[in-house]
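Engineer: Structure file data.txt (compact mmCIF, C-alpha atoms and all ligand atoms) right here:
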```txt
# COMPACT_ATOMS: atom_id res chain seq x y z
CA MET A 1 -19.04 2.41 1.06
CA ASN A 2 -19.19 -0.48 -1.39
CA ARG A 3 -18.09 -3.75 0.26
CA THR A 4 -19.46 -6.21 -2.31
CA LYS A 5 -16.17 -7.99 -3.01
CA SER A 6 -15.32 -8.29 0.68
CA GLU A 7 -18.67 -9.93 1.26
CA GLN A 8 -18.24 -12.31 -1.71
CA ILE A 9 -14.73 -13.36 -0.72
CA TYR A 10 -15.75 -13.87 2.90
CA GLN A 11 -18.67 -16.06 1.84
CA GLU A 12 -16.32 -18.14 -0.28
CA ALA A 13 -13.78 -18.24 2.56
CA CYS A 14 -16.45 -19.69 4.86
CA GLU A 15 -16.80 -22.68 2.52
CA HIS A 16 -13.11 -23.52 2.70
CA ILE A 17 -11.59 -22.02 5.84
CA VAL A 18 -13.08 -22.64 9.26
CA GLY A 19 -15.26 -19.64 10.10
CA GLY A 20 -13.83 -17.88 7.04
CA VAL A 21 -10.81 -16.68 9.04
CA ASN A 22 -7.42 -18.02 10.08
CA SER A 23 -7.63 -16.49 13.55
CA PRO A 24 -10.96 -16.01 15.35
CA SER A 25 -10.27 -12.40 16.34
CA ARG A 26 -10.40 -11.39 12.65
CA GLY A 27 -14.13 -12.08 12.44
CA TYR A 28 -16.68 -9.37 13.22
CA LYS A 29 -18.68 -11.44 15.74
CA ALA A 30 -17.61 -9.25 18.66
CA VAL A 31 -18.79 -6.10 16.84
CA GLY A 32 -22.24 -7.30 15.85
CA GLY A 33 -21.41 -9.58 12.90
CA GLY A 34 -21.08 -9.12 9.16
CA ALA A 35 -18.31 -9.87 6.69
CA PRO A 36 -14.86 -8.78 7.81
CA THR A 37 -13.17 -6.36 5.45
CA VAL A 38 -10.93 -8.26 3.06
CA MET A 39 -7.73 -6.32 2.52
CA GLU A 40 -5.68 -6.40 -0.63
CA ARG A 41 -2.75 -4.06 -0.11
CA ALA A 42 -1.10 -2.07 2.63
CA GLU A 43 1.51 0.65 2.67
CA GLY A 44 2.62 2.92 5.49
CA ALA A 45 -0.37 3.78 7.66
CA TYR A 46 -2.91 2.71 5.03
CA PHE A 47 -4.88 -0.30 3.86
CA TRP A 48 -6.81 -0.77 0.62
CA ASP A 49 -9.55 -3.38 0.57
CA VAL A 50 -10.60 -5.60 -2.35
CA ASP A 51 -13.35 -3.10 -3.24
CA GLY A 52 -10.78 -0.28 -3.56
CA ASN A 53 -11.69 1.52 -0.30
CA LYS A 54 -8.81 3.15 1.56
CA TYR A 55 -8.41 3.03 5.34
CA ILE A 56 -6.13 4.48 7.97
CA ASP A 57 -4.95 1.43 9.88
CA TYR A 58 -4.83 1.28 13.67
CA LEU A 59 -4.90 -2.51 13.86
CA GLY A 60 -1.20 -2.81 13.03
CA ALA A 61 -1.83 -6.54 12.50
CA TYR A 62 -2.52 -6.78 16.27
CA GLY A 63 0.81 -5.20 17.11
CA PRO A 64 3.70 -6.22 14.87
CA ILE A 65 3.51 -3.47 12.25
CA ILE A 66 5.08 -0.63 14.25
CA THR A 67 7.09 0.64 11.27
CA GLY A 68 3.97 0.92 9.10
CA HIS A 69 3.22 -1.52 6.30
CA ALA A 70 5.79 -2.42 3.63
CA HIS A 71 8.54 -0.30 5.16
CA PRO A 72 11.26 -0.03 2.46
CA HIS A 73 14.12 -1.10 4.76
CA ILE A 74 12.23 -4.22 5.86
CA ALA A 75 11.05 -4.90 2.31
CA ALA A 76 14.69 -4.82 1.15
CA ALA A 77 15.67 -7.29 3.88
CA ILE A 78 12.85 -9.67 2.95
CA THR A 79 13.80 -9.38 -0.73
CA LYS A 80 17.38 -10.28 0.17
CA ALA A 81 16.09 -13.36 1.99
CA ALA A 82 13.93 -14.31 -0.99
CA THR A 83 16.93 -14.25 -3.30
CA THR A 84 19.52 -15.84 -0.99
CA GLY A 85 17.33 -18.65 0.38
CA VAL A 86 14.54 -18.38 2.94
CA LEU A 87 15.24 -21.56 4.90
CA TYR A 88 18.50 -23.46 5.43
CA GLY A 89 18.05 -25.76 8.43
CA THR A 90 21.61 -24.76 9.40
CA PRO A 91 23.00 -22.03 11.61
CA THR A 92 23.34 -18.60 9.99
CA PRO A 93 25.18 -15.41 10.99
CA HIS A 94 21.83 -13.56 11.00
CA GLU A 95 20.66 -15.47 14.08
CA VAL A 96 23.76 -14.46 16.02
CA LYS A 97 23.49 -10.82 14.96
CA PHE A 98 19.84 -10.69 15.92
CA ALA A 99 20.39 -12.45 19.27
CA LYS A 100 23.09 -9.87 20.10
CA MET A 101 20.74 -7.01 19.17
CA LEU A 102 18.06 -8.37 21.51
CA LYS A 103 20.56 -8.84 24.32
CA GLU A 104 21.84 -5.29 23.93
CA ALA A 105 18.32 -3.87 24.07
CA ILE A 106 17.09 -6.10 26.92
CA PRO A 107 19.64 -6.67 29.68
CA SER A 108 17.88 -9.71 31.25
CA MET A 109 18.58 -11.77 28.08
CA ASP A 110 21.73 -13.74 28.87
CA LYS A 111 20.71 -16.23 26.21
CA VAL A 112 17.87 -16.44 23.69
CA ARG A 113 16.18 -18.94 21.41
CA PHE A 114 14.17 -18.05 18.32
CA VAL A 115 10.87 -19.79 17.61
CA ASN A 116 7.99 -19.00 15.25
CA SER A 117 5.19 -17.42 17.25
CA GLY A 118 4.34 -15.85 20.56
CA THR A 119 2.38 -18.99 21.43
CA GLU A 120 5.47 -21.14 21.02
CA ALA A 121 7.64 -18.70 22.94
CA VAL A 122 5.34 -18.61 26.00
CA MET A 123 4.64 -22.35 25.88
CA THR A 124 8.36 -23.04 25.96
CA THR A 125 9.16 -20.61 28.77
CA ILE A 126 6.67 -22.52 30.92
CA ARG A 127 8.35 -25.82 30.07
CA VAL A 128 11.75 -24.37 30.88
CA ALA A 129 10.50 -22.96 34.21
CA ARG A 130 9.03 -26.35 35.09
CA ALA A 131 12.25 -28.12 34.14
CA TYR A 132 14.39 -25.69 36.14
CA THR A 133 12.25 -25.63 39.30
CA ASN A 134 11.06 -29.23 39.19
CA ARG A 135 7.56 -27.94 39.99
CA THR A 136 4.43 -28.04 37.82
CA LYS A 137 1.95 -25.32 38.78
CA VAL A 138 1.62 -22.06 36.88
CA MET A 139 0.04 -18.78 38.01
CA LYS A 140 -1.29 -16.22 35.55
CA PHE A 141 -3.63 -13.22 35.49
CA ALA A 142 -7.22 -13.08 34.24
CA GLY A 143 -7.62 -11.47 30.83
CA CYS A 144 -3.94 -11.69 29.91
CA TYR A 145 -3.58 -13.66 26.68
CA HIS A 146 -0.56 -15.85 26.20
CA GLY A 147 -1.32 -17.74 22.99
CA HIS A 148 -3.30 -20.92 22.46
CA SER A 149 -1.28 -23.67 24.14
CA ASP A 150 -3.14 -25.81 26.68
CA LEU A 151 -1.75 -24.34 29.89
CA VAL A 152 -2.69 -20.78 29.09
CA LEU A 153 -6.22 -21.50 27.84
CA VAL A 154 -7.40 -21.95 31.39
CA ALA A 155 -10.00 -19.75 33.06
CA ALA A 156 -10.01 -18.67 36.68
CA GLY A 157 -11.73 -20.79 39.30
CA SER A 158 -14.11 -19.18 41.75
CA GLY A 159 -11.41 -17.29 43.68
CA PRO A 160 -7.67 -17.00 44.30
CA ALA A 161 -7.70 -20.21 46.33
CA THR A 162 -9.20 -22.36 43.56
CA LEU A 163 -7.60 -24.06 40.58
CA GLY A 164 -8.58 -23.29 37.00
CA THR A 165 -11.09 -24.72 34.55
CA PRO A 166 -10.56 -25.25 30.79
CA ASP A 167 -11.18 -22.11 28.72
CA SER A 168 -11.38 -24.10 25.48
CA ALA A 169 -12.84 -27.42 24.53
CA GLY A 170 -10.00 -29.89 24.19
CA VAL A 171 -8.03 -28.61 27.16
CA PRO A 172 -8.08 -31.43 29.72
CA ALA A 173 -9.38 -30.62 33.20
CA SER A 174 -6.20 -32.24 34.53
CA ILE A 175 -4.15 -29.54 32.82
CA ALA A 176 -6.43 -26.77 34.06
CA GLN A 177 -5.77 -28.10 37.56
CA GLU A 178 -2.15 -27.04 37.15
CA VAL A 179 -3.07 -23.39 36.67
CA ILE A 180 -4.13 -20.65 39.06
CA THR A 181 -5.60 -17.51 37.51
CA ILE A 182 -6.04 -14.39 39.61
CA PRO A 183 -7.05 -10.76 38.92
CA PHE A 184 -4.40 -8.30 37.70
CA ASN A 185 -3.62 -5.34 39.96
CA ASP A 186 -5.09 -7.10 43.02
CA PRO A 187 -2.38 -7.40 45.72
CA GLU A 188 -4.68 -9.16 48.21
CA ALA A 189 -5.74 -11.87 45.76
CA TYR A 190 -2.09 -12.36 44.81
CA LYS A 191 -0.95 -12.64 48.43
CA GLN A 192 -3.71 -15.12 49.21
CA ALA A 193 -2.95 -17.23 46.12
CA MET A 194 0.76 -17.19 46.95
CA ASP A 195 0.05 -18.33 50.51
CA GLN A 196 -1.90 -21.23 49.12
CA TRP A 197 0.11 -22.24 46.04
CA GLY A 198 3.46 -20.40 46.13
CA ASP A 199 5.51 -23.44 47.17
CA GLN A 200 4.17 -25.49 44.25
CA LEU A 201 4.59 -22.85 41.54
CA ALA A 202 7.08 -23.28 38.74
CA CYS A 203 6.32 -19.81 37.47
CA ILE A 204 4.17 -16.73 37.48
CA LEU A 205 3.35 -15.60 33.96
CA VAL A 206 2.40 -11.98 33.38
CA GLU A 207 2.04 -9.32 30.72
CA PRO A 208 3.92 -6.65 32.71
CA ILE A 209 1.95 -3.97 30.88
CA VAL A 210 -1.25 -5.60 29.70
CA GLY A 211 -2.19 -5.42 26.04
CA ASN A 212 -4.95 -8.00 25.91
CA PHE A 213 -7.82 -6.47 27.83
CA GLY A 214 -6.85 -3.08 26.57
CA ILE A 215 -3.71 -1.24 27.52
CA VAL A 216 -3.53 -1.58 31.31
CA GLU A 217 -0.51 -0.56 33.34
CA PRO A 218 0.30 -2.17 36.67
CA ASN A 219 -0.59 -0.04 39.67
CA GLU A 220 2.23 1.37 41.76
CA GLY A 221 4.02 -1.45 43.60
CA PHE A 222 2.05 -4.33 42.08
CA ILE A 223 4.74 -5.79 39.85
CA GLN A 224 7.34 -5.41 42.59
CA LEU A 225 5.06 -7.34 44.95
CA VAL A 226 4.70 -10.07 42.32
CA HIS A 227 8.49 -10.34 42.17
CA ASP A 228 9.04 -10.21 45.93
CA LEU A 229 6.66 -13.04 46.84
CA ALA A 230 7.78 -15.13 43.86
CA LYS A 231 11.36 -14.91 45.07
CA GLU A 232 10.34 -15.80 48.61
CA LYS A 233 8.51 -18.90 47.35
CA GLY A 234 11.07 -19.98 44.74
CA ALA A 235 8.80 -19.46 41.70
CA LEU A 236 10.23 -18.00 38.48
CA ILE A 237 8.81 -14.86 36.91
CA ILE A 238 8.04 -15.01 33.20
CA TYR A 239 7.17 -11.79 31.39
CA ASP A 240 5.09 -12.12 28.26
CA GLU A 241 6.40 -9.19 26.26
CA VAL A 242 4.97 -10.37 22.95
CA ILE A 243 3.10 -7.05 22.62
CA THR A 244 5.18 -4.75 24.82
CA ALA A 245 8.76 -5.33 23.62
CA PHE A 246 9.84 -2.45 21.35
CA ARG A 247 6.31 -1.00 21.52
CA PHE A 248 6.99 1.86 23.93
CA HIS A 249 10.75 2.36 23.57
CA TYR A 250 13.73 0.59 22.04
CA GLY A 251 13.69 -2.30 24.51
CA ALA A 252 11.20 -4.13 26.69
CA ALA A 253 8.63 -3.03 29.28
CA GLN A 254 10.81 -4.54 32.02
CA THR A 255 13.32 -1.71 31.57
CA MET A 256 10.55 0.87 31.96
CA LEU A 257 9.31 -0.87 35.10
CA GLY A 258 12.82 -1.33 36.51
CA THR A 259 12.26 -5.05 37.11
CA THR A 260 14.11 -8.17 35.94
CA PRO A 261 12.13 -11.31 35.08
CA ASP A 262 13.80 -14.72 35.01
CA LEU A 263 12.48 -15.46 31.52
CA THR A 264 10.80 -13.36 28.82
CA ALA A 265 8.72 -14.33 25.79
CA PHE A 266 8.70 -12.23 22.61
CA GLY A 267 6.92 -12.16 19.26
CA LYS A 268 5.11 -9.66 17.01
CA ILE A 269 7.29 -6.53 16.50
CA ILE A 270 10.61 -8.37 16.60
CA GLY A 271 9.77 -10.15 13.32
CA GLY A 272 9.12 -6.97 11.36
CA GLY A 273 5.86 -8.61 10.21
CA LEU A 274 7.18 -12.10 9.43
CA PRO A 275 6.35 -15.03 11.75
CA ILE A 276 8.56 -15.05 14.82
CA GLY A 277 8.81 -15.73 18.51
CA ALA A 278 11.73 -15.71 20.89
CA TYR A 279 12.39 -16.44 24.50
CA GLY A 280 15.33 -15.86 26.74
CA GLY A 281 16.59 -15.00 30.17
CA ARG A 282 19.04 -15.99 32.84
CA LYS A 283 21.88 -18.17 31.63
CA GLU A 284 21.53 -20.96 34.18
CA ILE A 285 17.81 -21.26 33.44
CA MET A 286 18.20 -21.13 29.66
CA ASP A 287 20.90 -23.78 29.85
CA THR A 288 18.23 -26.33 30.80
CA VAL A 289 17.11 -26.18 27.12
CA ALA A 290 18.22 -28.91 24.67
CA PRO A 291 20.88 -29.60 23.47
CA LEU A 292 22.57 -28.30 26.65
CA GLY A 293 19.89 -29.47 29.06
CA PRO A 294 16.91 -31.79 29.45
CA ALA A 295 14.05 -29.42 28.42
CA TYR A 296 13.22 -30.11 24.77
CA GLN A 297 12.35 -27.46 22.21
CA ALA A 298 13.02 -27.50 18.48
CA GLY A 299 11.71 -26.05 15.21
CA THR A 300 12.16 -26.57 11.47
CA MET A 301 11.44 -22.88 10.83
CA ALA A 302 13.05 -21.54 14.02
CA GLY A 303 15.55 -18.76 13.32
CA ASN A 304 14.86 -18.89 9.59
CA PRO A 305 16.84 -16.35 7.54
CA ALA A 306 13.76 -14.48 6.31
CA SER A 307 12.38 -13.77 9.80
CA MET A 308 15.86 -12.97 11.12
CA LEU A 309 16.65 -10.47 8.36
CA SER A 310 13.20 -8.91 8.62
CA GLY A 311 13.53 -8.66 12.42
CA ILE A 312 17.00 -7.13 12.27
CA ALA A 313 15.77 -4.58 9.72
CA CYS A 314 12.78 -3.73 11.90
CA LEU A 315 14.97 -3.09 14.96
CA GLU A 316 17.32 -0.99 12.83
CA VAL A 317 14.37 1.19 11.83
CA LEU A 318 13.34 1.49 15.49
CA GLN A 319 16.80 2.75 16.46
CA GLN A 320 16.11 6.09 14.74
CA ALA A 321 16.04 8.98 17.17
CA GLY A 322 12.71 10.52 18.11
CA ILE A 323 10.30 7.93 16.73
CA TYR A 324 8.86 6.79 20.05
CA GLU A 325 8.46 10.41 21.15
CA GLU A 326 6.53 11.13 17.95
CA MET A 327 4.21 8.13 18.44
CA ASP A 328 3.61 9.34 22.00
CA ARG A 329 2.85 12.86 20.75
CA LEU A 330 0.36 11.60 18.17
CA GLY A 331 -1.10 9.22 20.76
CA GLU A 332 -1.70 12.15 23.09
CA LEU A 333 -3.34 14.16 20.29
CA LEU A 334 -5.66 11.22 19.61
CA GLU A 335 -6.45 10.71 23.28
CA LYS A 336 -7.25 14.36 23.93
CA GLY A 337 -9.21 14.82 20.71
CA ILE A 338 -11.30 11.69 21.25
CA LEU A 339 -12.08 12.62 24.86
CA GLN A 340 -13.11 16.12 23.78
CA SER A 341 -15.48 14.70 21.16
CA ALA A 342 -16.91 12.25 23.67
CA GLU A 343 -17.64 15.07 26.10
CA LYS A 344 -19.19 17.21 23.36
CA HIS A 345 -21.59 14.43 22.35
CA GLY A 346 -22.28 13.07 25.84
CA ILE A 347 -20.57 9.72 25.21
CA THR A 348 -19.31 7.92 28.33
CA LEU A 349 -15.70 7.02 27.65
CA THR A 350 -12.36 6.46 29.33
CA ILE A 351 -9.08 5.94 27.51
CA ASN A 352 -6.07 3.97 28.66
CA ARG A 353 -2.99 5.06 26.74
CA LEU A 354 0.71 4.44 26.88
CA GLY A 355 2.78 6.04 24.11
CA GLY A 356 1.34 5.18 20.72
CA ALA A 357 -1.01 2.49 22.04
CA LEU A 358 -4.46 3.29 23.38
CA THR A 359 -7.74 1.59 24.20
CA LEU A 360 -11.16 3.23 24.24
CA PHE A 361 -13.43 1.86 26.94
CA PHE A 362 -17.09 2.83 26.87
CA THR A 363 -17.38 3.24 30.64
CA ASP A 364 -16.81 5.90 33.28
CA VAL A 365 -14.69 3.56 35.40
CA LYS A 366 -10.89 3.54 35.17
CA VAL A 367 -10.03 0.08 33.82
CA GLU A 368 -7.36 -1.66 35.90
CA ASN A 369 -8.34 -5.32 35.59
CA TYR A 370 -10.17 -7.73 33.29
CA GLU A 371 -13.46 -7.65 35.17
CA GLN A 372 -13.70 -3.89 34.64
CA ALA A 373 -12.82 -4.28 30.94
CA GLU A 374 -15.50 -6.96 30.60
CA GLN A 375 -18.12 -4.63 32.05
CA THR A 376 -17.51 -1.89 29.46
CA ASP A 377 -20.17 -1.44 26.79
CA GLY A 378 -19.47 -3.85 23.93
CA GLU A 379 -22.61 -2.96 22.02
CA ILE A 380 -21.67 0.70 21.72
CA PHE A 381 -18.13 -0.32 20.82
CA GLY A 382 -19.50 -2.52 18.01
CA LYS A 383 -21.54 0.37 16.60
CA PHE A 384 -18.59 2.75 16.92
CA PHE A 385 -16.31 0.26 15.15
CA LYS A 386 -18.67 0.09 12.15
CA LEU A 387 -19.20 3.87 11.99
CA MET A 388 -15.42 4.32 11.93
CA LEU A 389 -14.97 1.63 9.27
CA GLU A 390 -17.48 3.39 7.02
CA ARG A 391 -15.35 6.51 7.42
CA GLY A 392 -12.18 4.72 6.39
CA ILE A 393 -10.69 4.02 9.81
CA ASN A 394 -9.68 0.41 10.45
CA LEU A 395 -9.74 -0.56 14.13
CA ALA A 396 -9.44 -3.96 15.77
CA PRO A 397 -12.93 -5.54 15.89
CA SER A 398 -12.96 -6.00 19.66
CA LYS A 399 -13.50 -3.76 22.66
CA TYR A 400 -10.47 -5.35 24.34
CA GLU A 401 -7.88 -4.41 21.74
CA ALA A 402 -5.59 -1.42 21.45
CA TRP A 403 -5.24 1.11 18.67
CA PHE A 404 -1.63 0.96 17.55
CA LEU A 405 0.06 3.99 16.05
CA THR A 406 3.05 3.36 13.81
CA ILE A 407 5.93 5.53 12.74
CA ALA A 408 4.12 5.93 9.40
CA HIS A 409 1.12 7.75 10.93
CA LYS A 410 1.27 11.52 10.47
CA GLU A 411 -0.56 14.37 12.18
CA ASP A 412 -2.86 14.65 9.14
CA ASP A 413 -3.92 11.03 9.66
CA VAL A 414 -4.66 11.77 13.31
CA ASN A 415 -6.70 14.85 12.37
CA HIS A 416 -8.63 12.89 9.78
CA THR A 417 -9.25 10.17 12.39
CA LEU A 418 -10.50 12.73 14.91
CA GLU A 419 -13.01 14.03 12.34
CA ALA A 420 -14.25 10.47 11.85
CA VAL A 421 -14.47 10.00 15.62
CA ASP A 422 -16.46 13.21 16.01
CA GLU A 423 -18.94 12.21 13.28
CA SER A 424 -19.22 8.68 14.72
CA PHE A 425 -19.88 9.96 18.25
CA ALA A 426 -22.49 12.39 16.87
CA GLU A 427 -24.28 9.42 15.30
CA LEU A 428 -23.92 7.27 18.39
CA ALA A 429 -25.49 10.06 20.43
CA ARG A 430 -28.48 10.09 18.04
CA LEU A 431 -29.06 6.31 18.26
N1 LIG B 501 1.26 -13.27 24.19
C1 LIG B 501 0.65 -12.10 24.00
C2 LIG B 501 0.78 -11.04 25.05
C3 LIG B 501 -0.09 -11.87 22.85
O1 LIG B 501 -0.72 -10.70 22.69
C4 LIG B 501 -0.16 -12.88 21.86
C5 LIG B 501 -0.94 -12.69 20.57
N2 LIG B 501 -1.92 -11.76 20.56
C6 LIG B 501 0.50 -14.08 22.10
C7 LIG B 501 1.21 -14.25 23.27
C8 LIG B 501 0.48 -15.18 21.08
O2 LIG B 501 1.28 -14.85 19.99
P1 LIG B 501 1.03 -15.52 18.55
O3 LIG B 501 -0.30 -15.07 18.07
O4 LIG B 501 2.20 -15.03 17.73
O5 LIG B 501 1.09 -16.99 18.77
```
Once you've parsed the file, please lay out its structure as structure tokens.
Structural biologist:
Amino acid sequence: MNRTKSEQIYQEACEHIVGGVNSPSRGYKAVGGGAPTVMERAEGAYFWDVDGNKYIDYLGAYGPIITGHAHPHIAAAITKAATTGVLYGTPTPHEVKFAKMLKEAIPSMDKVRFVNSGTEAVMTTIRVARAYTNRTKVMKFAGCYHGHSDLVLVAAGSGPATLGTPDSAGVPASIAQEVITIPFNDPEAYKQAMDQWGDQLACILVEPIVGNFGIVEPNEGFIQLVHDLAKEKGALIIYDEVITAFRFHYGAAQTMLGTTPDLTAFGKIIGGGLPIGAYGGRKEIMDTVAPLGPAYQAGTMAGNPASMLSGIACLEVLQQAGIYEEMDRLGELLEKGILQSAEKHGITLTINRLGGALTLFFTDVKVENYEQAEQTDGEIFGKFFKLMLERGINLAPSKYEAWFLTIAHKEDDVNHTLEAVDESFAELARL
């Protein structure tokens, strides 16, 4: 596969853009290095790079592109925005329509606010929880990613009883001291941390179904325990549904789990591919936000007509009957086919899958928490990633990410992918 132009453009990018990329996860460092593929065009389930190579895309732009690229209904909505004004700085009817759609799909949303990214949405839910509870400490789970604001770039201390340490240069130790990070799916660690810190917690922040160290579902009873002790201690529950909302059904993961968080953060899918974030929840909590209450949050681009129209169009597409069932069916075909190939070639592999989202872990251990995901074989993943890329399959360049099916993927694409997997595993077995 000729990748000359990708390499040239990446080299030029490195001169002008930090690290050559606008988000670190786009680089190929985690898969053994090299120039990331520079894409030029995308349609449906496919990408074409600047050298003219075609790929089946399972990156889905890290989640948002569930309808497939350049979906005609969304393209029409964005075109309408382009010709009627993309930014007003005034209220619009689109915001109200979209807010009502979210509320109908997600019953815990008494009120919502639109922002511009998942980072902003989560950052603001924490502020609102702090304002409402008059407490400052935040609990979260190791390996869950919640954007790049200070409070969520904090690593775990040495155990559930210890406070955090900065996970990025530039995050003050004083801020890390406000955060407790504990393992996901570990009831004992949670109980111990709640004994120690529960009374001081403004909130417990969680991806209710994890998407950031692979797809990891909560074990039976875990999320309920999180809710029960939070209630006992007066801490709010914030769900980060930036990945999970509208990923597995028309609604949020909370409906699937049968739980009701106090606040929820959204992003990705709800923008139909344009920049967006949103947060919402119980009326009396949301009413602490300015201009009604004392917790400040604002945004020049917040609720802009382009993102609103694109988001509405995306949700309209997702209301079609049968689409989630079809993504689940294709996801199951992928899962079974990949596992069969792995067995045939003696490759150690487990797959975590929910619907049309799956993660391949090169390990024989069932992955239920971040530590287990960390211990999976990143070197083999890196080789596999490159073998697949050469065969025209675009995956996320990290062992922690999911493959995302879209409604544009067809059974033929899955079959073609399984052939590429089989060839790649055969090569891996020879190495
Ligand atoms: N929360 C979760 C669960 C995410 O996966 C992400 C992004 N990967 C974010 C928050 C941050 O969203 P954004 O990149 O839009 O700021």
Engineer: Find the residues around range 347-357 of chain A up to 10 Å (only C-alpha atoms counted), leave out those fewer than 2 positions away in its own chain, and share them as a PyMOL selection string.
Structural biologist: chain A and resi 58+63+66+209+211+214-217+244+247-249+324-332+334-336+338-345+359-368+376-377+380+401-407+425-426+428-429
Engineer: Using only C-alpha atoms, can you tell me which of A:Leu263, A:Ala295, A:Met194, A:Val38 comes closest to Ala121 in chain A?
Structural biologist: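 Residue with the minimum atom-to-atom distance to Ala121 in chain A: A:Leu263.
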Engineer: Every residue with an atom at most 12 Å from (14.3, 0.2, 12.7) (file coordinates; all atoms listed in the file) is what I'm after, so could you write them as number ranges by chain?
Structural biologist: A: 65-68, 71-74, 77, 101, 246-247, 249-250, 269-272, 309-324, 406-407
Engineer: Do you know which residues are within 9 Å of ligand LIG 501 (chain B) using all atoms listed in the file? Can you write them as an NGL selection string?
Structural biologist: :A and (23 or 62-63 or 116-122 or 144-149 or 206-207 or 210-212 or 240-244 or 265-268 or 275-277)
Engineer: Identify, on the basis of only C-alpha atoms, every residue whose closest approach to Ile223 in chain A does not exceed 9 Å; exclude the query and any residue fewer than 5 positions from it along the same chain; express the result as a PyMOL selection string.
Structural biologist: chain A and resi 185+208+218+228+257+259
Engineer: Give me, please, the distance in Å between CA of Tyr46 in chain A and CA of Asn22 in chain A, quoted to one decimal.
Structural biologist: 21.8 Å
Engineer: Any idea what's packed within 7 Å of range 125-135 of chain A, counting all atoms listed in the file, ignoring anything in its chain fewer than 6 positions away? Could you give it as a list in words?
Structural biologist: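 The neighbour list is Gln200, Leu201, Ala202, Cys203, Leu236, Leu263, Ala265, Tyr279, Ile285, Thr288, Val289 and Ala295 of chain A.
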Engineer: May I ask for the distance between CA of Thr162 in chain A and CA of Gln224 in chain A, given in Å to one decimal place?
Structural biologist: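 Rounded to one decimal, the two atoms are 23.7 Å apart.
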Engineer: Set up a box along x, y and z of the file covering all listed atoms of range 298-304 of chain A, add 3 Å on every one of the six sides, and write the centre and edge lengths in Å to one decimal, as JSON.
Structural biologist:
```
{"center_x": 13.5, "center_y": -23.1, "center_z": 14.0, "size_x": 10.1, "size_y": 14.7, "size_z": 14.9}
```
Engineer: Excluding Asp199 in chain A and its own-chain neighbours fewer than 4 positions away, which residues fall within 10 Å of it when counting only C-alpha atoms? Please give them as a list in words.
Structural biologist: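 Here the qualifying residues turn out to be Arg135, Lys137, Met194, Asp195, Ala230, Glu232, Lys233, Gly234 and Ala235 of chain A.
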Engineer: For CA of Tyr28 in chain A and CA of Ala70 in chain A, quote the distance in Å rounded to one decimal.
Structural biologist: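 These two atoms are separated by 25.4 Å.
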Engineer: So that I can see what lies close to Glu40 in chain A, please list as an MDAnalysis selection string the residues with an atom at most 6 Å from it, counting all atoms listed in the file and leaving out residues fewer than 2 positions away in the same chain.
Structural biologist: chainID A and resid 48:50
